[in-house]
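Enquirer: Following this message is one structure expressed as structure tokens.
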Amino acid sequence: RMLPNTEHPLVSFGQLLEGEVPSRREELIYRNYMPPPVSPKSCTEKFSIDSVLLRVALYKGERRQAEYEVYGEQTLLDLRRSLSCATTKILKWQADELKRQQVENTVRRPSESALFYIEDVVYLCGEEDLAKPLLEWLSRRSTACPPTRDMADTSFEDLQLQLGKQYIFMHNGDCEHTLIFTRCWLTEHTADRRRSLYPRLVWQAKDGAAKCHVCDKLAATWEVHGDKLADTSPCFLCEQCRYQWHYARVSEGGHALRSDYQVYPVIT
Ligand SMILES: [Zn+2]
Ligand SMILES: [Zn+2]
């Protein structure tokens, strides 16, 4: 029997069998993945049993970052909403920090626009036309310009895709990724067909997390800002090093030694 998912961020996103303990890997996937907002109606609504499912991998350079499953009726915009990378997190953090510090932001920040380049067609979303530099570059080389279409109007069923072929995804201004469709199959009877679950994150790279600046071994769990005793700001620390540095020994009460810094959990 499957147990229902709960909304707690530390509870696995994957379905657990009764008595099963969530694995750290699934916890990481859940914490890293914010499913796109869905209307209450579509939460339980299922897609057709005749649907095609696709598996798509997102790369940065040669590094595979994540893989998602989508169903045929979903649009490129649905996929775009699920795709993010370290740049997305950094930009969000910067925006939050500027707001928190109430700093007047004079630097132009990348727009929400994005682009797919699939089988010689450019698919766009957002107000900024990210295809402009590409089209200008192509016209300078007197190459025929590819047609442009709206992501929201294009479903995976509309596309003619080749498995294993490299396509382009671009967002956050000029953050470019390779997109590869790796599998295509018909829905099985046992598949979870709830629309709200898709695009579904099915794999995610584990490495790439910041390491602790002190021991240089463990993954950082805390990001310390403005600590005058640290070499850098932000300074990344693992659980162990942070408690040794910022807290008294348990035998001495385990209290915080100082409070002249800010500390945030590492966004992984
Ligand atoms: Zn990116
Ligand atoms: Zn450490």
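We label chains A, B, ... in the order they appear in the structure tokens, count residues from 1 in each chain, and number ligands from 1 in the order shown.
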To check your reading of the model: which residues sit at most 12 Å from ligand 1 when counting only C-alpha atoms and all ligand atoms? Write the answer as a PyMOL selection string.
Expert: chain A and resi 58-61+65-66+80+82-91+110+112-115+168-179
Enquirer: Could you pull out the residues sitting within 8 Å of ligand 2, using only C-alpha atoms and all ligand atoms, and write them as a PyMOL selection string?
Expert: chain A and resi 211-220+237-242
Enquirer: Quick one: everything within 12 Å of Val107 in chain A, counting only C-alpha atoms, minus sequence neighbours fewer than 2 positions away in the same chain. Send it as an MDAnalysis selection string.
Expert: chainID A and resid 94:95 98 103:105 109:110
Enquirer: List every residue of range 76-213 of chain A that DSSP, applied to the backbone, labels as alpha helix (DSSP H), and write the result as a PDB file with N, CA, C and O atoms, in the first residue's frame.
Expert:
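out.pdb, freshly written:
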```pdb
ATOM      1  N   LEU A  76       6.009  22.963 -23.918  1.00  0.00           N
ATOM      2  CA  LEU A  76       7.400  23.341 -23.617  1.00  0.00           C
ATOM      3  C   LEU A  76       7.446  24.321 -22.447  1.00  0.00           C
ATOM      4  O   LEU A  76       8.402  24.341 -21.690  1.00  0.00           O
ATOM      5  N   LEU A  77       6.372  25.105 -22.298  1.00  0.00           N
ATOM      6  CA  LEU A  77       6.335  26.047 -21.176  1.00  0.00           C
ATOM      7  C   LEU A  77       6.258  25.296 -19.840  1.00  0.00           C
ATOM      8  O   LEU A  77       6.867  25.695 -18.858  1.00  0.00           O
ATOM      9  N   ASP A  78       5.511  24.186 -19.829  1.00  0.00           N
ATOM     10  CA  ASP A  78       5.444  23.368 -18.608  1.00  0.00           C
ATOM     11  C   ASP A  78       6.838  22.870 -18.219  1.00  0.00           C
ATOM     12  O   ASP A  78       7.213  22.878 -17.048  1.00  0.00           O
ATOM     13  N   LEU A  79       7.584  22.428 -19.214  1.00  0.00           N
ATOM     14  CA  LEU A  79       8.938  21.943 -18.935  1.00  0.00           C
ATOM     15  C   LEU A  79       9.828  23.099 -18.493  1.00  0.00           C
ATOM     16  O   LEU A  79      10.562  22.989 -17.515  1.00  0.00           O
ATOM     17  N   ARG A  80       9.710  24.219 -19.194  1.00  0.00           N
ATOM     18  CA  ARG A  80      10.534  25.376 -18.858  1.00  0.00           C
ATOM     19  C   ARG A  80      10.364  25.790 -17.387  1.00  0.00           C
ATOM     20  O   ARG A  80      11.319  26.137 -16.713  1.00  0.00           O
ATOM     21  N   ARG A  81       9.145  25.709 -16.890  1.00  0.00           N
ATOM     22  CA  ARG A  81       8.870  26.118 -15.511  1.00  0.00           C
ATOM     23  C   ARG A  81       9.580  25.217 -14.503  1.00  0.00           C
ATOM     24  O   ARG A  81       9.806  25.600 -13.373  1.00  0.00           O
ATOM     25  N   SER A  82       9.869  23.990 -14.924  1.00  0.00           N
ATOM     26  CA  SER A  82      10.535  23.061 -14.003  1.00  0.00           C
ATOM     27  C   SER A  82      12.053  23.132 -14.087  1.00  0.00           C
ATOM     28  O   SER A  82      12.731  22.663 -13.194  1.00  0.00           O
ATOM     29  N   ALA A  86      21.898  26.258 -10.919  1.00  0.00           N
ATOM     30  CA  ALA A  86      22.536  27.044  -9.855  1.00  0.00           C
ATOM     31  C   ALA A  86      22.346  28.547 -10.085  1.00  0.00           C
ATOM     32  O   ALA A  86      22.142  29.303  -9.135  1.00  0.00           O
ATOM     33  N   THR A  87      22.365  28.959 -11.359  1.00  0.00           N
ATOM     34  CA  THR A  87      22.193  30.388 -11.664  1.00  0.00           C
ATOM     35  C   THR A  87      20.846  30.890 -11.148  1.00  0.00           C
ATOM     36  O   THR A  87      20.742  31.989 -10.606  1.00  0.00           O
ATOM     37  N   THR A  88      19.803  30.071 -11.322  1.00  0.00           N
ATOM     38  CA  THR A  88      18.464  30.450 -10.862  1.00  0.00           C
ATOM     39  C   THR A  88      18.472  30.697  -9.356  1.00  0.00           C
ATOM     40  O   THR A  88      17.915  31.686  -8.869  1.00  0.00           O
ATOM     41  N   LYS A  89      19.133  29.773  -8.626  1.00  0.00           N
ATOM     42  CA  LYS A  89      19.174  29.898  -7.169  1.00  0.00           C
ATOM     43  C   LYS A  89      19.962  31.133  -6.753  1.00  0.00           C
ATOM     44  O   LYS A  89      19.556  31.866  -5.857  1.00  0.00           O
ATOM     45  N   ILE A  90      21.097  31.365  -7.429  1.00  0.00           N
ATOM     46  CA  ILE A  90      21.933  32.515  -7.077  1.00  0.00           C
ATOM     47  C   ILE A  90      21.170  33.815  -7.351  1.00  0.00           C
ATOM     48  O   ILE A  90      21.162  34.724  -6.521  1.00  0.00           O
ATOM     49  N   LEU A  91      20.483  33.873  -8.489  1.00  0.00           N
ATOM     50  CA  LEU A  91      19.729  35.084  -8.823  1.00  0.00           C
ATOM     51  C   LEU A  91      18.624  35.340  -7.807  1.00  0.00           C
ATOM     52  O   LEU A  91      18.384  36.474  -7.408  1.00  0.00           O
ATOM     53  N   LYS A  92      17.971  34.267  -7.390  1.00  0.00           N
ATOM     54  CA  LYS A  92      16.897  34.414  -6.415  1.00  0.00           C
ATOM     55  C   LYS A  92      17.472  34.894  -5.084  1.00  0.00           C
ATOM     56  O   LYS A  92      16.924  35.781  -4.448  1.00  0.00           O
ATOM     57  N   TRP A  93      18.598  34.294  -4.711  1.00  0.00           N
ATOM     58  CA  TRP A  93      19.237  34.693  -3.464  1.00  0.00           C
ATOM     59  C   TRP A  93      19.631  36.168  -3.520  1.00  0.00           C
ATOM     60  O   TRP A  93      19.399  36.925  -2.582  1.00  0.00           O
ATOM     61  N   GLN A  94      20.217  36.579  -4.652  1.00  0.00           N
ATOM     62  CA  GLN A  94      20.616  37.980  -4.799  1.00  0.00           C
ATOM     63  C   GLN A  94      19.409  38.910  -4.680  1.00  0.00           C
ATOM     64  O   GLN A  94      19.469  39.934  -4.010  1.00  0.00           O
ATOM     65  N   ALA A  95      18.315  38.519  -5.339  1.00  0.00           N
ATOM     66  CA  ALA A  95      17.109  39.352  -5.308  1.00  0.00           C
ATOM     67  C   ALA A  95      16.578  39.466  -3.883  1.00  0.00           C
ATOM     68  O   ALA A  95      16.229  40.567  -3.432  1.00  0.00           O
ATOM     69  N   ASP A  96      16.548  38.342  -3.158  1.00  0.00           N
ATOM     70  CA  ASP A  96      16.065  38.349  -1.777  1.00  0.00           C
ATOM     71  C   ASP A  96      16.949  39.223  -0.896  1.00  0.00           C
ATOM     72  O   ASP A  96      16.471  39.967  -0.046  1.00  0.00           O
ATOM     73  N   GLU A  97      18.249  39.099  -1.125  1.00  0.00           N
ATOM     74  CA  GLU A  97      19.210  39.842  -0.309  1.00  0.00           C
ATOM     75  C   GLU A  97      19.095  41.348  -0.566  1.00  0.00           C
ATOM     76  O   GLU A  97      19.115  42.142   0.370  1.00  0.00           O
ATOM     77  N   LEU A  98      18.905  41.722  -1.833  1.00  0.00           N
ATOM     78  CA  LEU A  98      18.756  43.149  -2.165  1.00  0.00           C
ATOM     79  C   LEU A  98      17.499  43.714  -1.505  1.00  0.00           C
ATOM     80  O   LEU A  98      17.488  44.826  -0.997  1.00  0.00           O
ATOM     81  N   LYS A  99      16.458  42.871  -1.511  1.00  0.00           N
ATOM     82  CA  LYS A  99      15.196  43.298  -0.919  1.00  0.00           C
ATOM     83  C   LYS A  99      15.350  43.442   0.597  1.00  0.00           C
ATOM     84  O   LYS A  99      14.902  44.416   1.196  1.00  0.00           O
ATOM     85  N   ARG A 100      16.023  42.439   1.186  1.00  0.00           N
ATOM     86  CA  ARG A 100      16.206  42.424   2.634  1.00  0.00           C
ATOM     87  C   ARG A 100      17.035  43.636   3.084  1.00  0.00           C
ATOM     88  O   ARG A 100      16.729  44.276   4.083  1.00  0.00           O
ATOM     89  N   ALA A 131      15.976  35.216 -28.506  1.00  0.00           N
ATOM     90  CA  ALA A 131      16.411  34.704 -29.808  1.00  0.00           C
ATOM     91  C   ALA A 131      17.110  35.775 -30.631  1.00  0.00           C
ATOM     92  O   ALA A 131      17.797  35.456 -31.600  1.00  0.00           O
ATOM     93  N   LYS A 132      16.942  37.045 -30.227  1.00  0.00           N
ATOM     94  CA  LYS A 132      17.462  38.148 -31.047  1.00  0.00           C
ATOM     95  C   LYS A 132      18.957  38.003 -31.381  1.00  0.00           C
ATOM     96  O   LYS A 132      19.325  38.051 -32.561  1.00  0.00           O
ATOM     97  N   PRO A 133      19.827  37.815 -30.373  1.00  0.00           N
ATOM     98  CA  PRO A 133      21.256  37.684 -30.715  1.00  0.00           C
ATOM     99  C   PRO A 133      21.528  36.492 -31.636  1.00  0.00           C
ATOM    100  O   PRO A 133      22.351  36.588 -32.546  1.00  0.00           O
ATOM    101  N   LEU A 134      20.802  35.399 -31.399  1.00  0.00           N
ATOM    102  CA  LEU A 134      20.989  34.201 -32.227  1.00  0.00           C
ATOM    103  C   LEU A 134      20.575  34.467 -33.669  1.00  0.00           C
ATOM    104  O   LEU A 134      21.311  34.149 -34.611  1.00  0.00           O
ATOM    105  N   LEU A 135      19.425  35.128 -33.848  1.00  0.00           N
ATOM    106  CA  LEU A 135      18.929  35.406 -35.189  1.00  0.00           C
ATOM    107  C   LEU A 135      19.836  36.408 -35.910  1.00  0.00           C
ATOM    108  O   LEU A 135      20.099  36.270 -37.099  1.00  0.00           O
ATOM    109  N   GLU A 136      20.341  37.389 -35.138  1.00  0.00           N
ATOM    110  CA  GLU A 136      21.256  38.367 -35.742  1.00  0.00           C
ATOM    111  C   GLU A 136      22.551  37.691 -36.201  1.00  0.00           C
ATOM    112  O   GLU A 136      23.067  37.953 -37.276  1.00  0.00           O
ATOM    113  N   TRP A 137      23.027  36.788 -35.350  1.00  0.00           N
ATOM    114  CA  TRP A 137      24.265  36.073 -35.671  1.00  0.00           C
ATOM    115  C   TRP A 137      24.061  35.219 -36.929  1.00  0.00           C
ATOM    116  O   TRP A 137      24.906  35.199 -37.821  1.00  0.00           O
ATOM    117  N   LEU A 138      22.910  34.571 -36.997  1.00  0.00           N
ATOM    118  CA  LEU A 138      22.625  33.733 -38.169  1.00  0.00           C
ATOM    119  C   LEU A 138      22.505  34.574 -39.435  1.00  0.00           C
ATOM    120  O   LEU A 138      23.002  34.192 -40.490  1.00  0.00           O
ATOM    121  N   SER A 139      21.851  35.760 -39.306  1.00  0.00           N
ATOM    122  CA  SER A 139      21.666  36.567 -40.510  1.00  0.00           C
ATOM    123  C   SER A 139      22.999  37.175 -40.974  1.00  0.00           C
ATOM    124  O   SER A 139      23.214  37.375 -42.163  1.00  0.00           O
ATOM    125  N   ARG A 140      23.902  37.451 -40.008  1.00  0.00           N
ATOM    126  CA  ARG A 140      25.236  37.934 -40.400  1.00  0.00           C
ATOM    127  C   ARG A 140      25.987  36.872 -41.208  1.00  0.00           C
ATOM    128  O   ARG A 140      26.785  37.181 -42.069  1.00  0.00           O
TER     129      ARG A 140
END
```
Enquirer: Find the spatial neighbours of Tyr264 in chain A, counting only C-alpha atoms, within a cut-off of 8 Å - ignore same-chain residues fewer than 3 positions away - and output them as a PyMOL selection string.
Expert: chain A and resi 222-224
Enquirer: With N, CA and C atoms kept, could you save the residues just selected as an mmCIF file, in the first residue's frame?
Expert:
```
data_model
loop_
_atom_site.group_PDB
_atom_site.id
_atom_site.type_symbol
_atom_site.label_atom_id
_atom_site.label_comp_id
_atom_site.auth_asym_id
_atom_site.auth_seq_id
_atom_site.Cartn_x
_atom_site.Cartn_y
_atom_site.Cartn_z
ATOM 1 N N TRP A 222 25.956 25.092 6.089
ATOM 2 C CA TRP A 222 25.677 26.463 6.520
ATOM 3 C C TRP A 222 26.510 27.460 5.735
ATOM 4 N N GLU A 223 25.903 28.593 5.460
ATOM 5 C CA GLU A 223 26.578 29.672 4.757
ATOM 6 C C GLU A 223 26.634 30.840 5.739
ATOM 7 N N VAL A 224 27.844 31.223 6.130
ATOM 8 C CA VAL A 224 27.999 32.246 7.167
ATOM 9 C C VAL A 224 28.404 33.564 6.519
#
```
Enquirer: Give the strand (DSSP E) residues of range 30-116 of chain A, as DSSP finds them on the backbone, and put them as a PyMOL selection string.
Expert: chain A and resi 52-60+63-71+114-116
Enquirer: Since we have the selection now, will you write its residues out, keeping N, CA and C atoms, as a compact mmCIF listing (two decimals), in the first residue's frame?
Expert:
```txt
# COMPACT_ATOMS: atom_id res chain seq x y z
N VAL A 52 1.90 9.45 -24.47
CA VAL A 52 3.32 9.13 -24.60
C VAL A 52 4.05 9.81 -23.46
N LEU A 53 5.01 9.12 -22.90
CA LEU A 53 5.86 9.74 -21.88
C LEU A 53 7.27 9.91 -22.45
N LEU A 54 7.91 10.99 -22.03
CA LEU A 54 9.27 11.27 -22.51
C LEU A 54 10.19 11.52 -21.32
N ARG A 55 11.41 11.08 -21.48
CA ARG A 55 12.40 11.39 -20.45
C ARG A 55 13.41 12.34 -21.07
N VAL A 56 13.69 13.43 -20.34
CA VAL A 56 14.56 14.46 -20.90
C VAL A 56 15.65 14.83 -19.90
N ALA A 57 16.89 14.91 -20.41
CA ALA A 57 18.03 15.21 -19.54
C ALA A 57 18.51 16.63 -19.79
N LEU A 58 18.84 17.33 -18.71
CA LEU A 58 19.36 18.70 -18.78
C LEU A 58 20.85 18.68 -18.44
N TYR A 59 21.64 19.28 -19.31
CA TYR A 59 23.09 19.32 -19.11
C TYR A 59 23.56 20.76 -18.97
N LYS A 60 24.67 20.94 -18.23
CA LYS A 60 25.40 22.21 -18.24
C LYS A 60 26.80 21.85 -18.67
N ARG A 63 28.22 18.22 -18.12
CA ARG A 63 27.72 17.64 -16.88
C ARG A 63 26.19 17.51 -16.91
N ARG A 64 25.73 16.28 -16.69
CA ARG A 64 24.28 16.06 -16.63
C ARG A 64 23.80 16.53 -15.27
N GLN A 65 22.78 17.37 -15.27
CA GLN A 65 22.32 17.96 -14.01
C GLN A 65 21.06 17.29 -13.46
N ALA A 66 20.12 17.00 -14.36
CA ALA A 66 18.85 16.46 -13.90
C ALA A 66 18.12 15.80 -15.05
N GLU A 67 17.20 14.90 -14.71
CA GLU A 67 16.35 14.29 -15.74
C GLU A 67 14.89 14.39 -15.29
N TYR A 68 14.04 14.66 -16.25
CA TYR A 68 12.61 14.84 -15.96
C TYR A 68 11.79 13.93 -16.86
N GLU A 69 10.59 13.61 -16.40
CA GLU A 69 9.63 12.93 -17.26
C GLU A 69 8.48 13.88 -17.54
N VAL A 70 8.06 13.90 -18.80
CA VAL A 70 6.91 14.73 -19.19
C VAL A 70 5.95 13.85 -19.97
N TYR A 71 4.68 14.24 -20.03
CA TYR A 71 3.75 13.49 -20.86
C TYR A 71 3.41 14.32 -22.10
N ALA A 114 12.91 32.69 -21.59
CA ALA A 114 13.69 31.49 -21.87
C ALA A 114 13.51 31.09 -23.32
N LEU A 115 14.35 30.18 -23.76
CA LEU A 115 14.36 29.78 -25.17
C LEU A 115 14.69 28.29 -25.29
N PHE A 116 13.99 27.61 -26.19
CA PHE A 116 14.40 26.27 -26.61
C PHE A 116 14.74 26.36 -28.09
```
Enquirer: Extract, using only C-alpha atoms, all DNA, RNA and protein residues at most 9 Å from Asp153 in chain A, discarding same-chain residues fewer than 2 positions from it, and format them as a PyMOL selection string.
Expert: chain A and resi 75-77+149-151+155
Enquirer: Which residue gives the smallest distance to Arg195 in chain A among A:Ile118, A:Ile49, A:Leu161, A:Val266, with only C-alpha atoms counted?
Expert: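 Result for the nearest residue to Arg195 in chain A: A:Ile49.
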Enquirer: Do you know which residues are at most 7 Å from range 142-146 of chain A counting only C-alpha atoms, after dropping those on the same chain fewer than 6 positions away, and could you put them as a list in words?
Expert: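 Within the cut-off, the hits are Asp120, Val121, Val122 and Leu135 of chain A.
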Enquirer: Would you pick out the contacts of Leu257 in chain A at 10 Å or less, using only C-alpha atoms, so that residues sharing its chain but fewer than 3 positions from it are not included, and give the list as a ChimeraX atom specification?
Expert: /A:243,245-249,254,260
Enquirer: Could those residues be written to a file, using C-alpha atoms, as a PDB file, in the first residue's frame?
Expert:
```pdb
ATOM      1  CA  TYR A 243      29.304  23.819  15.908  1.00  0.00           C
ATOM      2  CA  TRP A 245      33.558  27.145  15.839  1.00  0.00           C
ATOM      3  CA  HIS A 246      30.415  28.942  16.896  1.00  0.00           C
ATOM      4  CA  TYR A 247      29.307  27.004  19.963  1.00  0.00           C
ATOM      5  CA  ALA A 248      30.817  26.074  23.307  1.00  0.00           C
ATOM      6  CA  ARG A 249      31.427  22.417  24.075  1.00  0.00           C
ATOM      7  CA  GLY A 254      26.829  24.177  24.347  1.00  0.00           C
ATOM      8  CA  ASP A 260      27.935  38.964  15.282  1.00  0.00           C
TER       9      ASP A 260
END
```
Enquirer: Just to confirm, what's the straight-line distance from CA of Cys184 in chain A to CA of Leu130 in chain A in Å (one decimal)?
Expert: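 Computing it gives 28.9 Å between the two atoms.
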